[in-house]
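A.B. asks: The structure follows.
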Amino acid sequence: MTVNPSSERLLEHSTASGTWVFEPGTPPKMWWSPGTRTLFGLAEDASLPDFEDALAMFSDTSRRALMAAIEGAVAGSGGWSLDLEMHSAQGQALWIRSIGSPLVEDGQTLRIVGSVQDVSDRRSAECRASALQAENRDLEERLQLATEGSGLGVWDWDLSSRAMYYSETWKQMLGYADGEIGSDLDEWHGRLHPDDRETVHAHLDAHLKDVAEQFAVESRLRCRDGSYKWVMTRGRVVRRGPDGSAQRMVGTTADIGHAKSLEQALQEARARYQSIFDATYQFIGLCDLNGCIIEGNRAALEFMGVEAADMVGRALWDVPCWQRDDDTRERLKADLARARAGETVQYAVEIFGSQDRSATIDFSLRPLRDEEGNVCLLLAEGHDITKLIAAQRSLDERERLFSASFDDSPIGAALVSLQGEWLEVNSALSTILGYSRQALLARTFQDITHPDDLDTDLGNVQALIDGRGQHYRMDKRYLHANGGIVQAQLDVTIIRDQGGLPLYFLSQIQDITERREMREAILREKELAQVTLAAIADGVIRTDMWGRVTFVNEPALRLLRLVSSDVDRRPFDEVVQVVTDSDEHHHPMRRILYEGLPGELPDDATLLLRDGSRLPIEGSANPIRDRERQLIGGVFVFRDVSATRQLAQQLRYQASHDPLTGLPNRRELHRSLEALRIQARTRGGEHYLMMLDLDHFKSINDQCGHEHGDKVLIQVVSAMKQRIRACDVLARLGGDEFALLLPDCSKAKAWQMGEGLVQAVSHIIVEDGEQRLPLGLSVGMTAIERHSRSASSLLKEADASCYRAKQQGRNCLYATAGPGEGDSSVVGIGAIGG
């Protein structure tokens, strides 16, 4: 397949990579592709630096490693693949993956060709996830073991006749003998799992149309006994017609069922500890270039207490969590503009959620680019700074481990002729044996087999050629390129043509020494996981499936005020007693153990301690399952939130009360008025609302000062409280304006109380030196009736009545019509001398 220059540039740009050529000599010569120039910070038309200047861009350690690799390649020791640290021409720190391979002719290295790729993000991710990289290595090691001994089934497809050839291994993989499967495409297509067919066909069509370079897909095939087996199928078109249409395709099928099972087992094992880190907040939102939300993840939605439909289409700065202040929202708008221009923005900020929750997050805005490099979307992310110990998952690494292919396999693989020549080898085999690919292809396996193992190996090979078996396995020793010995496990499968004649061997080679080291590493990592679990800051309690405590860490013991002997193997409900503010008992593990469902504690949960005291906590319980998804226990994670709840209560009080008088404020009055209006509409009864406005208070403030005015306000509130009932609600709306709610009160009683308030305020003496200043109270009253439309309309009616009272000469009470009096306006005016 030919790649035009523009496509090559696009490929290099998309993968942040480039190619290069180096010719040794005096002086040495170099050529860099556009991608390499871009990666090293050079313009495409800029002149290349000389060899010494290029080396100066690398750190001391990386420069020495690169020089050693170049000298080794020139001397004939093969190529290299190194991660190197450098600085670009603009001074930007980078990590690159350098791959070099010498081109040798007549025993002399003429040039070295290779590639470079920006791996800075991967190196950065490794640093951030260092706390759990060992666990990722555990995953890699187990998945490598899962592919041991797997055989490859070979198939050959003639597209013009639809004829298919399936090797015996392919048939045996599904439980069939050689003559029990036909030779057409339906033998494969009919065995595909229905849920996999669409994906498989899409991959196949992409390769047949030359859109994808090769066909590689995981799927399930039905076996002879009716069960389905996971396989990795890889193939390539080896012949196309003049019009480019595919005519013949060959490939292999590998049994990856064991790898899939092992993956599931690893995931279930990790699930035992996953719930411990579930409290970590990670909020993600996807926005268009205008800052409008396209999608938000569940963690963000639950934190804000909204549904996805409430968020999609809204500007990011308008969502509830950003309603801190105008400056925060304006900054977010500016940051969105910077991200739209291609800049990544990152800083710490406080956001607000539902139920008075807040979180300080490490917030970032990143531009997402299309294939042409244009910014097409904006990604908003927020990570709770207190939960940074949560691991960053390396999805690319796991995907790589799932790739059961010849080229990418972590196991050494080779095609070997019947005479022992290496026909093809993968990079893993070169690494194991220490030879370059070219050096191996120039040898036979007999050349590098330990003499004491050669006769046994040759005997096994001859048995396969004679038809006495299809596969053999043996432990053997290879001679490493450095002169050492490689202890290896060898698996060999013979490949035959349709007539049964042997063609070549497929060999898989694994370094047994490394496997032993891996097993030891697994044990160490298990121990490290237990240490990590014991050292976590939150309280952690694990139980078996009968609810008995099997593990408790030190923070949990401190919160419970117990020692380990008090809790070991005891029922969870005896160790942990959770009650709510209403004394309702909550049993967090019962739902886990009876139904297998996770759950959060109520917001008002408290821990009942042995001495009868209570400790406010928040926490969650999650099930633990084995590889068959069977429930085997549960884990309870909790933390002390005493300070958080106390602060929340203080904030709620401050938000609903006037700081000077301690009376409910306008917001709290509006809530109480709306509740009373609904009560009037549903249950009836007589209820009244009064608006109270101090007369001449502005003159007192202007003449005596605001400090003296505040003292007068406190006197007024004290006098009015003595004239109202305990069930009445007196609120300060601001300045010298008050309101009074009178629930379940007759009009006569309300009128009497209004007059009493006017009298009480009129009797307050305000003096400025020898001068006595006037002070009065104008009161407007309105009834809260069944047909009252809203709290706002009632406040307007009462305010209008108060205004009429002021028009009537101040220091008096004015009331609109009450229940049973129709819609007449003025009922009466009461005036009291000051």
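A note on labels: chains of the structure tokens are A, B, ... as shown, every chain counts residues from 1, and ligands are counted from 1 in their shown order.
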Near segment 574-590 of chain A, within 9 Å and counting only C-alpha atoms, which residues show up once chain neighbours fewer than 4 positions away are dropped, as a ChimeraX atom specification?
C.D. replies: /A:543,547,549,560,566-567,570,594-596,598-609,614,617,620-623,634-636
A.B. asks: Quick one: residues within 8 Å of Ile494 of chain A, only C-alpha atoms, excluding same-chain residues fewer than 6 positions away - as a ChimeraX atom specification?
C.D. replies: /A:464-465,470-471,502-506
A.B. asks: Can you pull out the residues contacting segment 41-45 of chain A? Cut-off 8 Å, using only C-alpha atoms, and skip same-chain residues under 3 positions away; I want them as a PyMOL selection string.
C.D. replies: chain A and resi 34+37-38+88-90
A.B. asks: List the spatial neighbours of segment 362-365 of chain A as a list in words - criterion: any atom at most 7 Å away, only C-alpha atoms, same-chain residues fewer than 5 positions off excluded.
C.D. replies: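 Using only C-alpha atoms, the neighbours found are Ala339, Thr344, Val345, Gln346, Tyr347, Ala348, Val349, Leu378, Leu379, Ala380, Glu381, Gly382, His383, Asp384 and Ile385 of chain A.
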A.B. asks: Please return, as number ranges by chain, all residues of segment 342-386 of chain A that DSSP assigns to strand (DSSP E or B) on the basis of the backbone.
C.D. replies: A: 345-352, 358-369, 375-384
A.B. asks: For the interface of segment 684-736 of chain A with segment 770-793 of chain A (cut-off 10 Å, counting only C-alpha atoms), please tabulate each contacting residue of segment 684-736 of chain A alongside its nearest pair of atoms and their separation in Å to one decimal, rows sorted by chain and increasing number, as CSV.
C.D. replies:
residue,atom,partner,partner_atom,distance
A:Gly684,CA,A:Arg786,CA,6.6
A:Gly685,CA,A:Glu785,CA,8.2
A:Glu686,CA,A:Ile784,CA,7.2
A:His687,CA,A:Ile784,CA,5.2
A:Tyr688,CA,A:Ala783,CA,4.5
A:Leu689,CA,A:Thr782,CA,5.5
A:Met690,CA,A:Met781,CA,4.4
A:Met691,CA,A:Gly780,CA,5.1
A:Leu692,CA,A:Val779,CA,4.7
A:Asp693,CA,A:Ser778,CA,5.3
A:Leu694,CA,A:Leu777,CA,4.5
A:Asp695,CA,A:Gly776,CA,4.7
A:His696,CA,A:Leu775,CA,5.8
A:Phe697,CA,A:Leu775,CA,6.7
A:Ser699,CA,A:Leu773,CA,8.4
A:Ile700,CA,A:Leu773,CA,7.1
A:Gln703,CA,A:Leu773,CA,9.4
A:Cys704,CA,A:Leu773,CA,9.8
A:Val712,CA,A:Leu775,CA,9.7
A:Val716,CA,A:Leu777,CA,9.8
A:Asp736,CA,A:Leu777,CA,9.8
A.B. asks: Emit the selected residues as a PDB file, in the first residue's frame, including N, CA and C atoms.
C.D. replies:
ATOM      1  N   GLY A 684     -57.535  25.170  54.648  1.00  0.00           N
ATOM      2  CA  GLY A 684     -58.343  26.310  55.049  1.00  0.00           C
ATOM      3  C   GLY A 684     -57.796  26.978  56.291  1.00  0.00           C
ATOM      4  N   GLY A 685     -58.700  27.618  57.088  1.00  0.00           N
ATOM      5  CA  GLY A 685     -58.278  28.336  58.286  1.00  0.00           C
ATOM      6  C   GLY A 685     -58.011  29.806  58.004  1.00  0.00           C
ATOM      7  N   GLU A 686     -57.901  30.598  59.091  1.00  0.00           N
ATOM      8  CA  GLU A 686     -57.618  32.027  58.954  1.00  0.00           C
ATOM      9  C   GLU A 686     -56.139  32.279  59.249  1.00  0.00           C
ATOM     10  N   HIS A 687     -55.494  32.984  58.309  1.00  0.00           N
ATOM     11  CA  HIS A 687     -54.076  33.304  58.452  1.00  0.00           C
ATOM     12  C   HIS A 687     -53.864  34.711  57.901  1.00  0.00           C
ATOM     13  N   TYR A 688     -52.892  35.443  58.486  1.00  0.00           N
ATOM     14  CA  TYR A 688     -52.682  36.832  58.070  1.00  0.00           C
ATOM     15  C   TYR A 688     -51.180  37.105  57.927  1.00  0.00           C
ATOM     16  N   LEU A 689     -50.927  38.079  57.036  1.00  0.00           N
ATOM     17  CA  LEU A 689     -49.561  38.564  56.806  1.00  0.00           C
ATOM     18  C   LEU A 689     -49.555  40.064  57.056  1.00  0.00           C
ATOM     19  N   MET A 690     -48.581  40.541  57.856  1.00  0.00           N
ATOM     20  CA  MET A 690     -48.421  41.974  58.115  1.00  0.00           C
ATOM     21  C   MET A 690     -47.062  42.445  57.617  1.00  0.00           C
ATOM     22  N   MET A 691     -47.068  43.634  56.971  1.00  0.00           N
ATOM     23  CA  MET A 691     -45.825  44.325  56.626  1.00  0.00           C
ATOM     24  C   MET A 691     -45.659  45.464  57.630  1.00  0.00           C
ATOM     25  N   LEU A 692     -44.503  45.556  58.298  1.00  0.00           N
ATOM     26  CA  LEU A 692     -44.249  46.519  59.366  1.00  0.00           C
ATOM     27  C   LEU A 692     -43.102  47.419  58.939  1.00  0.00           C
ATOM     28  N   ASP A 693     -43.365  48.737  58.883  1.00  0.00           N
ATOM     29  CA  ASP A 693     -42.333  49.687  58.451  1.00  0.00           C
ATOM     30  C   ASP A 693     -42.183  50.765  59.517  1.00  0.00           C
ATOM     31  N   LEU A 694     -40.975  50.952  60.059  1.00  0.00           N
ATOM     32  CA  LEU A 694     -40.736  51.964  61.083  1.00  0.00           C
ATOM     33  C   LEU A 694     -40.861  53.364  60.485  1.00  0.00           C
ATOM     34  N   ASP A 695     -41.541  54.221  61.199  1.00  0.00           N
ATOM     35  CA  ASP A 695     -41.681  55.621  60.766  1.00  0.00           C
ATOM     36  C   ASP A 695     -40.544  56.442  61.352  1.00  0.00           C
ATOM     37  N   HIS A 696     -39.999  57.346  60.529  1.00  0.00           N
ATOM     38  CA  HIS A 696     -38.958  58.303  60.926  1.00  0.00           C
ATOM     39  C   HIS A 696     -37.631  57.630  61.285  1.00  0.00           C
ATOM     40  N   PHE A 697     -37.455  56.358  60.899  1.00  0.00           N
ATOM     41  CA  PHE A 697     -36.204  55.689  61.284  1.00  0.00           C
ATOM     42  C   PHE A 697     -35.006  56.261  60.531  1.00  0.00           C
ATOM     43  N   SER A 699     -34.463  59.322  59.821  1.00  0.00           N
ATOM     44  CA  SER A 699     -33.990  60.510  60.523  1.00  0.00           C
ATOM     45  C   SER A 699     -33.121  60.125  61.719  1.00  0.00           C
ATOM     46  N   ILE A 700     -33.508  59.032  62.401  1.00  0.00           N
ATOM     47  CA  ILE A 700     -32.705  58.562  63.547  1.00  0.00           C
ATOM     48  C   ILE A 700     -31.314  58.144  63.082  1.00  0.00           C
ATOM     49  N   GLN A 703     -29.327  61.329  62.061  1.00  0.00           N
ATOM     50  CA  GLN A 703     -28.994  62.254  63.141  1.00  0.00           C
ATOM     51  C   GLN A 703     -28.099  61.598  64.196  1.00  0.00           C
ATOM     52  N   CYS A 704     -28.360  60.301  64.484  1.00  0.00           N
ATOM     53  CA  CYS A 704     -27.635  59.631  65.579  1.00  0.00           C
ATOM     54  C   CYS A 704     -26.549  58.670  65.101  1.00  0.00           C
ATOM     55  N   VAL A 712     -31.511  50.822  68.253  1.00  0.00           N
ATOM     56  CA  VAL A 712     -32.958  51.070  68.224  1.00  0.00           C
ATOM     57  C   VAL A 712     -33.683  49.884  67.596  1.00  0.00           C
ATOM     58  N   VAL A 716     -36.648  47.638  69.125  1.00  0.00           N
ATOM     59  CA  VAL A 716     -37.929  47.449  68.434  1.00  0.00           C
ATOM     60  C   VAL A 716     -38.262  45.970  68.355  1.00  0.00           C
ATOM     61  N   ASP A 736     -35.361  49.118  57.864  1.00  0.00           N
ATOM     62  CA  ASP A 736     -36.370  49.265  58.910  1.00  0.00           C
ATOM     63  C   ASP A 736     -37.666  48.566  58.531  1.00  0.00           C
TER      64      ASP A 736
END
A.B. asks: So which residues touch segment 112-124 of chain A within 8 Å, counting only C-alpha atoms, skipping near sequence neighbours fewer than 3 positions away, as a PyMOL selection string?
C.D. replies: chain A and resi 15-23+36+39+73+94-103+109+127-128
A.B. asks: Convert the current residue selection to file output with C-alpha atoms, as a short mmCIF file (atom, residue, chain, number, x, y, z; two decimals), in the first residue's frame.
C.D. replies:
data_model
loop_
_atom_site.label_atom_id
_atom_site.label_comp_id
_atom_site.auth_asym_id
_atom_site.auth_seq_id
_atom_site.Cartn_x
_atom_site.Cartn_y
_atom_site.Cartn_z
CA THR A 15 0.67 9.72 16.36
CA ALA A 16 3.16 12.44 17.42
CA SER A 17 5.93 10.47 15.65
CA GLY A 18 8.52 10.74 12.90
CA THR A 19 11.21 8.81 11.00
CA TRP A 20 14.92 9.37 10.49
CA VAL A 21 17.99 8.03 8.65
CA PHE A 22 21.58 8.14 9.99
CA GLU A 23 24.67 7.39 7.87
CA THR A 36 10.69 14.28 13.46
CA LEU A 39 8.82 16.67 17.47
CA ALA A 73 24.41 -0.85 15.73
CA LEU A 94 10.06 15.64 26.30
CA TRP A 95 10.28 11.87 26.63
CA ILE A 96 10.57 10.10 23.25
CA ARG A 97 10.62 6.46 22.18
CA SER A 98 13.61 6.01 19.81
CA ILE A 99 13.70 2.87 17.65
CA GLY A 100 16.67 2.17 15.41
CA SER A 101 17.55 -0.68 13.06
CA PRO A 102 20.84 -1.02 11.11
CA LEU A 103 20.85 -1.82 7.38
CA THR A 109 26.40 -1.10 8.51
CA CYS A 127 4.56 9.17 37.39
CA ARG A 128 1.04 10.11 38.53
#
A.B. asks: Can you measure atom CA of Gln214 of chain A to atom CA of Val237 of chain A for me? One decimal in Å is fine.
C.D. replies: 7.8 Å
A.B. asks: Tell me which protein, DNA and RNA residues are within 6 Å of Ala428 of chain A, counting only C-alpha atoms, leaving out same-chain ones fewer than 6 positions away, and put them as a PyMOL selection string.
C.D. replies: chain A and resi 410-412
A.B. asks: How would you write, as a ChimeraX atom specification, the set of residues in segment 423-536 of chain A that DSSP gives as helix (DSSP H, G or I)?
C.D. replies: /A:427-433,437-441,445-448,451-465,512-535
A.B. asks: Have a look at atom CA of Val217 of chain A and atom CA of Met232 of chain A and let me know their distance in Å, one decimal.
C.D. replies: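 Interatomic distance, atom CA of Val217 of chain A to atom CA of Met232 of chain A: 5.9 Å.
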